[in-house]
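A.B. asks: model-v1.cif (mmCIF, C-alpha atoms) pasted underneath:
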data_protein
#
loop_
_atom_site.label_atom_id
_atom_site.label_comp_id
_atom_site.auth_asym_id
_atom_site.auth_seq_id
_atom_site.Cartn_x
_atom_site.Cartn_y
_atom_site.Cartn_z
CA MET A 1 23.34 -53.03 20.62
CA LYS A 2 23.57 -49.33 21.48
CA SER A 3 26.38 -48.94 18.94
CA PHE A 4 24.26 -50.71 16.30
CA PHE A 5 21.32 -48.33 16.75
CA SER A 6 23.61 -45.29 16.76
CA SER A 7 25.17 -46.48 13.49
CA LEU A 8 21.72 -47.15 12.03
CA LEU A 9 20.53 -43.66 12.98
CA GLY A 10 23.66 -42.11 11.51
CA ALA A 11 23.21 -44.04 8.26
CA ALA A 12 19.54 -43.01 8.07
CA LEU A 13 20.44 -39.34 8.57
CA PHE A 14 23.11 -39.57 5.87
CA VAL A 15 20.60 -41.10 3.41
CA ILE A 16 18.07 -38.37 4.18
CA LEU A 17 20.71 -35.67 3.68
CA LEU A 18 21.85 -37.24 0.42
CA PHE A 19 18.51 -37.97 -1.25
CA PHE A 20 16.21 -35.32 0.26
CA PRO A 21 18.27 -32.11 0.40
CA GLY A 22 15.18 -29.94 -0.15
CA LEU A 23 13.44 -31.31 2.96
CA VAL A 24 16.65 -31.01 4.96
CA PHE A 25 17.11 -27.39 3.87
CA GLU A 26 13.49 -26.49 4.65
CA GLY A 27 13.63 -28.12 8.10
CA ALA A 28 17.01 -26.54 8.91
CA LYS A 29 15.67 -23.13 7.89
CA MET A 30 12.63 -23.53 10.15
CA GLY A 31 14.85 -24.57 13.04
CA LEU A 32 17.26 -21.69 12.45
CA ASN A 33 14.39 -19.17 12.35
CA LEU A 34 12.98 -20.59 15.57
CA TRP A 35 16.37 -20.39 17.27
CA PHE A 36 17.44 -16.96 16.04
CA PHE A 37 14.13 -15.08 16.22
CA THR A 38 12.59 -16.74 19.29
CA LEU A 39 15.08 -18.57 21.49
CA VAL A 40 18.00 -16.13 21.33
CA PRO A 41 16.03 -12.92 22.14
CA THR A 42 14.08 -14.76 24.85
CA LEU A 43 16.85 -16.67 26.61
CA LEU A 44 20.08 -14.72 26.04
CA PRO A 45 19.28 -11.72 28.30
CA PHE A 46 17.74 -14.04 30.90
CA MET A 47 20.72 -16.42 30.93
CA VAL A 48 23.25 -13.61 31.29
CA PHE A 49 21.28 -11.97 34.11
CA SER A 50 20.68 -15.30 35.84
CA ASN A 51 24.36 -16.24 35.60
CA ILE A 52 25.32 -12.94 37.22
CA LEU A 53 22.86 -13.51 40.08
CA ILE A 54 24.10 -17.05 40.68
CA GLN A 55 27.82 -16.34 40.37
CA SER A 56 27.44 -13.30 42.66
CA ARG A 57 25.41 -15.38 45.13
CA LEU A 58 22.59 -12.85 45.20
CA ILE A 59 19.71 -15.37 45.06
CA GLU A 60 19.56 -15.67 48.85
CA HIS A 61 19.17 -11.89 49.19
CA LEU A 62 16.78 -11.50 46.26
CA LEU A 63 14.31 -14.08 47.59
CA PHE A 64 14.98 -13.66 51.29
CA LEU A 65 11.37 -12.93 52.41
CA PRO A 66 9.52 -15.54 50.29
CA GLY A 67 12.39 -17.92 51.04
CA LEU A 68 11.61 -17.74 54.75
CA PHE A 69 8.07 -18.98 54.07
CA THR A 70 9.00 -21.70 51.56
CA ARG A 71 11.87 -22.99 53.71
CA LYS A 72 9.68 -23.26 56.81
CA TYR A 73 6.49 -24.67 55.32
CA LEU A 74 7.58 -26.32 52.05
CA HIS A 75 11.23 -27.17 52.82
CA LEU A 76 12.16 -25.29 49.63
CA SER A 77 15.28 -23.11 49.78
CA PRO A 78 15.50 -19.65 48.14
CA ALA A 79 17.77 -21.16 45.47
CA GLY A 80 15.25 -23.92 44.84
CA LEU A 81 12.42 -21.37 44.70
CA TYR A 82 14.38 -19.36 42.13
CA ALA A 83 14.88 -22.41 39.90
CA PHE A 84 11.23 -23.39 40.36
CA LEU A 85 9.88 -19.96 39.33
CA CYS A 86 12.27 -19.44 36.40
CA GLY A 87 11.55 -22.93 35.07
CA PHE A 88 7.86 -22.07 34.88
CA PHE A 89 8.26 -18.63 33.31
CA PHE A 90 11.17 -18.85 30.89
CA GLY A 91 10.68 -22.20 29.14
CA TYR A 92 12.97 -25.09 28.27
CA PRO A 93 15.69 -25.63 29.42
CA SER A 94 15.95 -22.65 31.80
CA GLY A 95 15.07 -24.55 34.97
CA ALA A 96 17.58 -27.31 34.28
CA LYS A 97 20.35 -24.79 33.46
CA ILE A 98 19.73 -22.89 36.70
CA LEU A 99 19.77 -26.08 38.77
CA ALA A 100 23.04 -27.11 37.15
CA ASP A 101 24.61 -23.70 37.88
CA LEU A 102 23.35 -23.76 41.48
CA LEU A 103 24.81 -27.23 41.99
CA LYS A 104 28.17 -26.26 40.52
CA THR A 105 28.38 -23.28 42.89
CA ASP A 106 27.15 -25.36 45.87
CA GLN A 107 24.09 -23.19 46.52
CA ILE A 108 21.49 -25.99 46.56
CA ASP A 109 21.31 -29.44 48.11
CA PRO A 110 21.69 -32.20 45.46
CA LYS A 111 18.61 -34.01 46.81
CA GLU A 112 16.52 -30.84 46.54
CA ALA A 113 17.78 -30.21 43.01
CA SER A 114 17.00 -33.80 41.97
CA MET A 115 13.45 -33.51 43.29
CA LEU A 116 12.93 -30.18 41.52
CA PHE A 117 14.46 -31.34 38.25
CA GLY A 118 11.38 -32.94 36.71
CA PHE A 119 9.06 -30.08 37.69
CA CYS A 120 10.98 -26.85 36.98
CA ASN A 121 11.50 -27.36 33.25
CA ASN A 122 8.42 -26.31 31.28
CA VAL A 123 7.15 -24.44 28.24
CA SER A 124 6.92 -20.70 28.85
CA PRO A 125 3.58 -18.85 29.22
CA ALA A 126 4.52 -16.57 26.29
CA PHE A 127 4.97 -19.61 24.04
CA LEU A 128 1.65 -21.08 25.16
CA ILE A 129 -0.40 -17.93 24.69
CA THR A 130 1.11 -16.58 21.47
CA TYR A 131 2.38 -19.57 19.49
CA PHE A 132 0.12 -22.37 20.71
CA LEU A 133 -3.24 -20.84 21.65
CA THR A 134 -3.36 -17.78 19.37
CA LEU A 135 -1.33 -18.57 16.25
CA HIS A 136 -2.20 -22.24 15.71
CA LEU A 137 -5.10 -23.30 17.93
CA LYS A 138 -7.00 -20.02 17.36
CA HIS A 139 -8.47 -20.19 20.86
CA PRO A 140 -6.65 -17.65 23.06
CA GLU A 141 -9.59 -17.72 25.49
CA LYS A 142 -8.35 -21.14 26.67
CA ALA A 143 -5.35 -19.56 28.42
CA GLY A 144 -6.85 -20.07 31.88
CA ILE A 145 -7.52 -23.78 31.58
CA THR A 146 -4.20 -24.33 29.78
CA VAL A 147 -2.27 -22.70 32.62
CA SER A 148 -4.25 -24.82 35.10
CA PHE A 149 -3.30 -28.07 33.37
CA LEU A 150 0.34 -27.30 32.50
CA TYR A 151 1.40 -25.22 35.51
CA ILE A 152 -0.93 -25.63 38.47
CA ILE A 153 -1.09 -29.45 38.35
CA PRO A 154 2.73 -29.95 38.17
CA ALA A 155 3.31 -27.18 40.73
CA PHE A 156 0.82 -28.78 43.14
CA VAL A 157 2.43 -32.22 42.76
CA CYS A 158 5.91 -30.73 43.26
CA LEU A 159 5.02 -28.66 46.33
CA MET A 160 3.17 -31.60 47.90
CA ALA A 161 6.24 -33.77 47.38
CA PHE A 162 8.40 -31.12 49.06
CA SER A 163 5.97 -30.78 51.96
CA PHE A 164 6.23 -34.50 52.75
CA CYS A 165 9.77 -35.37 51.63
CA GLY A 166 11.78 -32.17 51.79
CA SER A 167 12.72 -32.11 55.48
CA SER A 168 15.91 -34.11 54.82
CA PHE A 169 17.53 -31.39 52.71
CA SER A 170 20.65 -29.83 54.19
CA LEU A 171 21.18 -26.08 54.32
CA ARG A 172 24.08 -24.83 52.25
CA GLU A 173 26.75 -22.92 54.06
CA LYS A 174 26.85 -19.22 53.22
CA LYS A 175 30.12 -18.18 51.65
CA THR A 176 31.84 -15.28 53.33
CA SER A 177 33.12 -13.91 50.03
CA SER A 178 31.39 -13.60 46.67
CA PRO A 179 32.65 -12.77 43.20
CA VAL A 180 32.65 -9.00 42.76
CA LEU A 181 30.53 -7.60 39.94
CA SER A 182 33.05 -6.80 37.25
CA LEU A 183 33.67 -6.81 33.53
CA ALA A 184 35.39 -10.18 33.88
CA LEU A 185 32.30 -11.70 35.53
CA LEU A 186 30.01 -10.24 32.86
CA ASP A 187 32.29 -11.58 30.12
CA ALA A 188 32.28 -15.08 31.67
CA CYS A 189 28.48 -15.07 32.05
CA LEU A 190 28.01 -13.88 28.47
CA GLN A 191 30.38 -16.53 27.12
CA ASP A 192 28.58 -19.27 29.05
CA ALA A 193 25.14 -18.11 27.80
CA LEU A 194 26.29 -17.94 24.17
CA SER A 195 27.89 -21.39 24.38
CA VAL A 196 24.70 -22.93 25.73
CA LEU A 197 22.52 -21.16 23.14
CA LEU A 198 24.70 -22.36 20.26
CA LYS A 199 24.34 -25.93 21.48
CA LEU A 200 20.56 -25.54 21.84
CA GLY A 201 20.40 -24.13 18.31
CA GLY A 202 22.12 -27.22 16.96
CA TYR A 203 19.57 -29.51 18.62
CA ILE A 204 16.65 -27.39 17.38
CA ILE A 205 17.91 -27.46 13.78
CA LEU A 206 18.54 -31.23 13.88
CA PHE A 207 15.12 -32.09 15.27
CA SER A 208 13.38 -29.61 12.97
CA VAL A 209 14.94 -31.47 10.02
CA LEU A 210 13.76 -34.85 11.38
CA SER A 211 10.29 -33.47 12.08
CA ASN A 212 9.99 -32.03 8.58
CA VAL A 213 11.13 -35.28 6.95
CA ILE A 214 8.61 -37.32 8.95
CA THR A 215 5.70 -35.11 7.86
CA HIS A 216 6.64 -35.75 4.21
CA ILE A 217 7.00 -39.54 4.33
CA PRO A 218 4.88 -41.01 1.49
CA ARG A 219 1.78 -43.03 2.48
CA MET A 220 2.10 -42.10 6.15
CA ARG A 221 -1.18 -40.90 7.58
CA ALA A 222 -1.22 -37.25 8.60
CA GLU A 223 -2.34 -38.22 12.11
CA SER A 224 0.62 -40.60 12.62
CA ALA A 225 3.09 -38.07 11.21
CA ALA A 226 1.68 -35.42 13.56
CA PHE A 227 2.20 -37.67 16.61
CA PHE A 228 5.79 -38.50 15.63
CA SER A 229 6.55 -34.87 14.86
CA CYS A 230 5.13 -33.71 18.19
CA PHE A 231 7.13 -36.32 20.09
CA LEU A 232 10.33 -35.17 18.38
CA GLU A 233 9.94 -31.39 18.55
CA ILE A 234 6.94 -29.63 20.04
CA THR A 235 7.21 -26.39 18.04
CA GLY A 236 6.95 -28.20 14.70
CA GLY A 237 4.49 -30.74 16.11
CA ILE A 238 1.87 -28.16 17.11
CA PRO A 239 1.00 -27.05 13.54
CA ALA A 240 1.10 -30.71 12.39
CA VAL A 241 -1.42 -31.76 15.05
CA THR A 242 -3.73 -28.76 14.52
CA ALA A 243 -3.72 -29.54 10.77
CA ALA A 244 -4.45 -33.26 11.27
CA PHE A 245 -7.05 -32.97 14.05
CA ALA A 246 -9.95 -30.59 14.52
CA TYR A 247 -10.52 -28.65 17.73
CA PRO A 248 -11.01 -29.74 20.54
CA GLN A 249 -9.28 -33.06 19.71
CA SER A 250 -6.07 -31.20 18.79
CA TYR A 251 -6.13 -29.33 22.10
CA VAL A 252 -6.62 -32.50 24.16
CA ILE A 253 -3.83 -34.28 22.25
CA LEU A 254 -1.32 -31.44 22.57
CA LEU A 255 -1.54 -30.74 26.30
CA PRO A 256 0.27 -33.97 27.37
CA PHE A 257 2.90 -33.40 24.66
CA LEU A 258 3.43 -29.85 25.95
CA ALA A 259 3.87 -31.25 29.47
CA PHE A 260 6.50 -33.70 28.19
CA GLY A 261 8.23 -31.14 25.98
CA GLY A 262 9.38 -33.39 23.15
CA LEU A 263 12.60 -35.28 22.55
CA CYS A 264 14.37 -32.11 21.41
CA SER A 265 13.78 -30.42 24.78
CA PHE A 266 14.89 -33.62 26.51
CA MET A 267 18.20 -33.55 24.61
CA GLN A 268 18.62 -29.82 25.31
CA THR A 269 18.10 -30.51 29.01
CA GLY A 270 20.70 -33.25 28.93
CA SER A 271 23.21 -30.87 27.34
CA VAL A 272 22.97 -28.30 30.17
CA ILE A 273 23.24 -30.67 33.17
CA LYS A 274 26.60 -32.26 32.34
CA ASP A 275 28.98 -32.69 35.31
CA THR A 276 26.09 -32.64 37.80
CA PRO A 277 24.40 -35.45 39.78
CA LEU A 278 21.05 -34.77 38.08
CA SER A 279 19.58 -37.89 36.45
CA LEU A 280 18.13 -37.70 32.93
CA ARG A 281 16.41 -41.05 33.45
CA SER A 282 14.52 -39.76 36.50
CA TYR A 283 13.69 -36.57 34.60
CA PHE A 284 12.31 -38.57 31.66
CA PHE A 285 10.05 -40.71 33.85
CA THR A 286 8.86 -37.68 35.82
CA LYS A 287 7.86 -35.87 32.62
CA ILE A 288 6.11 -38.99 31.30
CA LEU A 289 4.19 -39.37 34.57
CA LEU A 290 3.17 -35.69 34.49
CA ALA A 291 1.99 -36.06 30.89
CA LEU A 292 -0.07 -39.13 31.87
CA LEU A 293 -1.49 -37.30 34.89
CA ILE A 294 -2.56 -34.37 32.70
CA PHE A 295 -4.11 -36.77 30.18
CA LEU A 296 -6.08 -38.51 32.96
CA CYS A 297 -7.25 -35.10 34.25
CA GLU A 298 -8.40 -34.28 30.72
CA ILE A 299 -10.40 -37.52 30.52
CA LEU A 300 -11.95 -36.77 33.91
CA CYS A 301 -12.89 -33.24 32.83
CA ILE A 302 -14.36 -34.48 29.54
CA THR A 303 -16.47 -37.01 31.47
CA LEU A 304 -17.68 -34.65 34.18
CA LEU A 305 -17.60 -31.33 32.30
CA PRO A 306 -18.07 -32.12 28.59
CA GLY A 307 -18.35 -28.45 27.60
CA LEU A 308 -15.10 -27.39 29.29
CA PHE A 309 -12.96 -27.68 26.17
#
Go through the file and emit its structure as structure tokens.
C.D. replies:
Amino acid sequence: MKSFFSSLLGAALFVILLFFPGLVFEGAKMGLNLWFFTLVPTLLPFMVFSNILIQSRLIEHLLFLPGLFTRKYLHLSPAGLYAFLCGFFFGYPSGAKILADLLKTDQIDPKEASMLFGFCNNVSPAFLITYFLTLHLKHPEKAGITVSFLYIIPAFVCLMAFSFCGSSFSLREKKTSSPVLSLALLDACLQDALSVLLKLGGYIILFSVLSNVITHIPRMRAESAAFFSCFLEITGGIPAVTAAFAYPQSYVILLPFLAFGGLCSFMQTGSVIKDTPLSLRSYFFTKILLALLIFLCEILCITLLPGLF
């Protein structure tokens, strides 16, 4: 059955490429622009710097003081705190990549990493404020409530889970020797970052093509196309939703999708956690539950505070 659906998807993509080359070209160009002008300048320096910190085992020293507090009261190690913070500030799939690197270098307990996995992979604040709120929604004043829904709610759920369930995590043994900062280490970190970014670029281009084709399907309602596009790839879905729905409906619709991240981000996350015990199935259900929780909070706010949005 799985082979049948894979073959069907492959045949559909071939037909689209053959009969709609203009749509494919336009979607690929949008994906390439997004990757080259947004993702590469944002993530490449961060990935190289983060790789150096992890490979040199400097996380424990960098977050020593806050790590004392989080380890004692939240059962969250300095390495886990690092992944948690970076996942909230640097966007998809930074948190997942850091967890994978920490696991491969044995700097975080697998149980702790698995619990963090669904919470430390999020859209970045820069993306929210500039691309979402300012460029397309035209309501930059909603930054405060947006941060509350997309960051504070997941962070609260995550930290509560750690407070009650995190005492079983084992402390990682400190290594007596660490890789020395050198040109060879920098070269390895740069090569790893470029390899990951190339793979992410491929996923972005593919899903941008699919998203663009969906929005041009004849006789499909703009609202339905916007939902499908947003589920596939959030960057292309945002303008589709804001064009199909007026504010504040567009805002209420997009927040759960932003919490989920889209299928493209899901596939990107899967690509960076290979050879680790992290579960994509658990990650998927965690993101779905967070999206539902945010949607329920929206409904509650609309009922109790109708002028909030």
A.B. asks: Determine the residue membership of the PyMOL selection byres ((chain A and resi 198) around 12) for the file above and supply it as a count of residues only.
C.D. replies: 24
A.B. asks: Which of these, A:Ser279, A:Gln107, A:Thr146, A:Ser163, has the shortest distance to A:Ile129 once you count all atoms listed in the file?
C.D. replies: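 For A:Ile129, the nearest of the given residues is A:Thr146.
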A.B. asks: Find the residues of stretch 30-127 of chain A that sit at most 9 Å from stretch 258-267 of chain A; for each, write down the nearest two atoms and how far apart they are in Å, to one decimal. Count only C-alpha atoms. Sort by chain, then by number going up, and give it as a tab-separated table.
C.D. replies:
residue	atom	partner	partner_atom	distance
A:Tyr92	CA	A:Ser265	CA	6.4
A:Pro93	CA	A:Ser265	CA	6.9
A:Asn121	CA	A:Gly261	CA	8.8
A:Asn122	CA	A:Ala259	CA	7.0
A:Val123	CA	A:Leu258	CA	7.0
A.B. asks: What lies within 7 Å of A:Gly236 using all atoms listed in the file, ignoring chain neighbours under 5 positions off, as a list in words?
C.D. replies: Ser208, Ser211, Ser229 and Cys230 of chain A
A.B. asks: With C-alpha atoms retained, write the just-selected residues as a CSV table (one decimal), keeping the file's coordinate frame.
C.D. replies:
chain,number,residue,atom,x,y,z
A,208,SER,CA,13.4,-29.6,13.0
A,211,SER,CA,10.3,-33.5,12.1
A,229,SER,CA,6.6,-34.9,14.9
A,230,CYS,CA,5.1,-33.7,18.2
A.B. asks: So which residues touch A:Phe49 within 12 Å, counting only C-alpha atoms, skipping near sequence neighbours fewer than 5 positions away, as number ranges by chain?
C.D. replies: A: 43-44, 54-56, 58-59, 86, 98, 181, 185-190, 192-193
A.B. asks: Kindly save the residues from that selection, with C-alpha atoms included, as a CSV table (one decimal), in the frame of the given file.
C.D. replies:
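This went into again_6.csv:
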chain,number,residue,atom,x,y,z
A,43,LEU,CA,16.8,-16.7,26.6
A,44,LEU,CA,20.1,-14.7,26.0
A,54,ILE,CA,24.1,-17.0,40.7
A,55,GLN,CA,27.8,-16.3,40.4
A,56,SER,CA,27.4,-13.3,42.7
A,58,LEU,CA,22.6,-12.8,45.2
A,59,ILE,CA,19.7,-15.4,45.1
A,86,CYS,CA,12.3,-19.4,36.4
A,98,ILE,CA,19.7,-22.9,36.7
A,181,LEU,CA,30.5,-7.6,39.9
A,185,LEU,CA,32.3,-11.7,35.5
A,186,LEU,CA,30.0,-10.2,32.9
A,187,ASP,CA,32.3,-11.6,30.1
A,188,ALA,CA,32.3,-15.1,31.7
A,189,CYS,CA,28.5,-15.1,32.0
A,190,LEU,CA,28.0,-13.9,28.5
A,192,ASP,CA,28.6,-19.3,29.0
A,193,ALA,CA,25.1,-18.1,27.8
A.B. asks: Any chance you could resolve the PyMOL selection byres ((chain A and resi 75) around 12) against this file and give the residues as a PyMOL selection string?
C.D. replies: chain A and resi 67-74+76-81+109+111-112+115-116+158-171
A.B. asks: Between A:Pro248, A:Gly237, A:Phe84, A:Pro21, which one has atoms that come closest to A:Gly118, using all atoms listed in the file?
C.D. replies: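 With all atoms listed in the file as the atom set, the closest residue is A:Phe84.
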A.B. asks: Tell me, in Å to one decimal, how far atom CA of A:Leu85 is from atom CA of A:Lys138.
C.D. replies: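 We find that atom CA of A:Leu85 and atom CA of A:Lys138 lie 27.7 Å from each other.
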A.B. asks: List the residues selected by the PyMOL selection byres ((chain A and resi 292-297) around 9) in the file shown, writing them as JSON, numbers by chain.
C.D. replies: {"A": [149, 150, 153, 154, 252, 253, 255, 256, 259, 287, 288, 289, 290, 291, 298, 299, 300, 301, 302]}
A.B. asks: So the first atom is atom CA of A:Phe25 and the second is atom CA of A:Thr42; what is the distance between them in Å, to one decimal place?
C.D. replies: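 Taking atom CA of A:Phe25 and atom CA of A:Thr42, their separation equals 24.7 Å.
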A.B. asks: Between atom CA of A:Phe19 and atom CA of A:Val213, what is the distance in Å, rounded to a tenth?
C.D. replies: 11.4 Å
A.B. asks: Within 10 Å of A:Asp275, counting all atoms listed in the file, which residues show up once you throw out same-chain ones fewer than 6 positions away? Write them as a list in words, please.
C.D. replies: Ala100, Leu103 and Lys104 of chain A
A.B. asks: Which is closest to A:Leu34 among A:Leu63, A:Thr235, A:Ala11, A:Ala184, if we use only C-alpha atoms?
C.D. replies: A:Thr235
A.B. asks: Please give the centre and size of the box around stretch 278-294 of chain A (axis-aligned, containing every atom listed in the file, 3 Å added per side), with values in Å to one decimal and written as AutoDock Vina command-line options.
C.D. replies:
--center_x 9.2 --center_y -37.7 --center_z 34.5 --size_x 29.6 --size_y 12.7 --size_z 13.2
A.B. asks: Between A:Thr276, A:Thr286, A:Gln249, A:Thr269, which one has atoms that come closest to A:Leu102, using only C-alpha atoms?
C.D. replies: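 Among the listed residues, the smallest separation from A:Leu102 belongs to A:Thr276.
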A.B. asks: So that I can see what lies close to A:Ala240, please list as a PyMOL selection string the residues with an atom at most 10 Å from it, counting all atoms listed in the file and leaving out residues fewer than 6 positions away in the same chain.
C.D. replies: chain A and resi 136+211-212+215+222-230+234+250
A.B. asks: Pick out the closest residue to A:Ile16 from this set: A:Val157, A:Pro277, A:Ile217, A:Ile52. Count only C-alpha atoms.
C.D. replies: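 So, comparing all the options, the nearest one is A:Ile217.
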A.B. asks: Mind checking which residues fall within 8 Å of A:Thr242, counting all atoms listed in the file, ignoring those fewer than 4 positions away in the same chain, and posting them as a PDB file with C-alpha atoms, in the frame of the given file?
C.D. replies:
ATOM      1  CA  HIS A 136      -2.200 -22.240  15.710  1.00  0.00           C
ATOM      2  CA  LEU A 137      -5.100 -23.300  17.930  1.00  0.00           C
ATOM      3  CA  ILE A 238       1.870 -28.160  17.110  1.00  0.00           C
ATOM      4  CA  ALA A 246      -9.950 -30.590  14.520  1.00  0.00           C
ATOM      5  CA  TYR A 247     -10.520 -28.650  17.730  1.00  0.00           C
ATOM      6  CA  SER A 250      -6.070 -31.200  18.790  1.00  0.00           C
ATOM      7  CA  TYR A 251      -6.130 -29.330  22.100  1.00  0.00           C
TER       8      TYR A 251
END
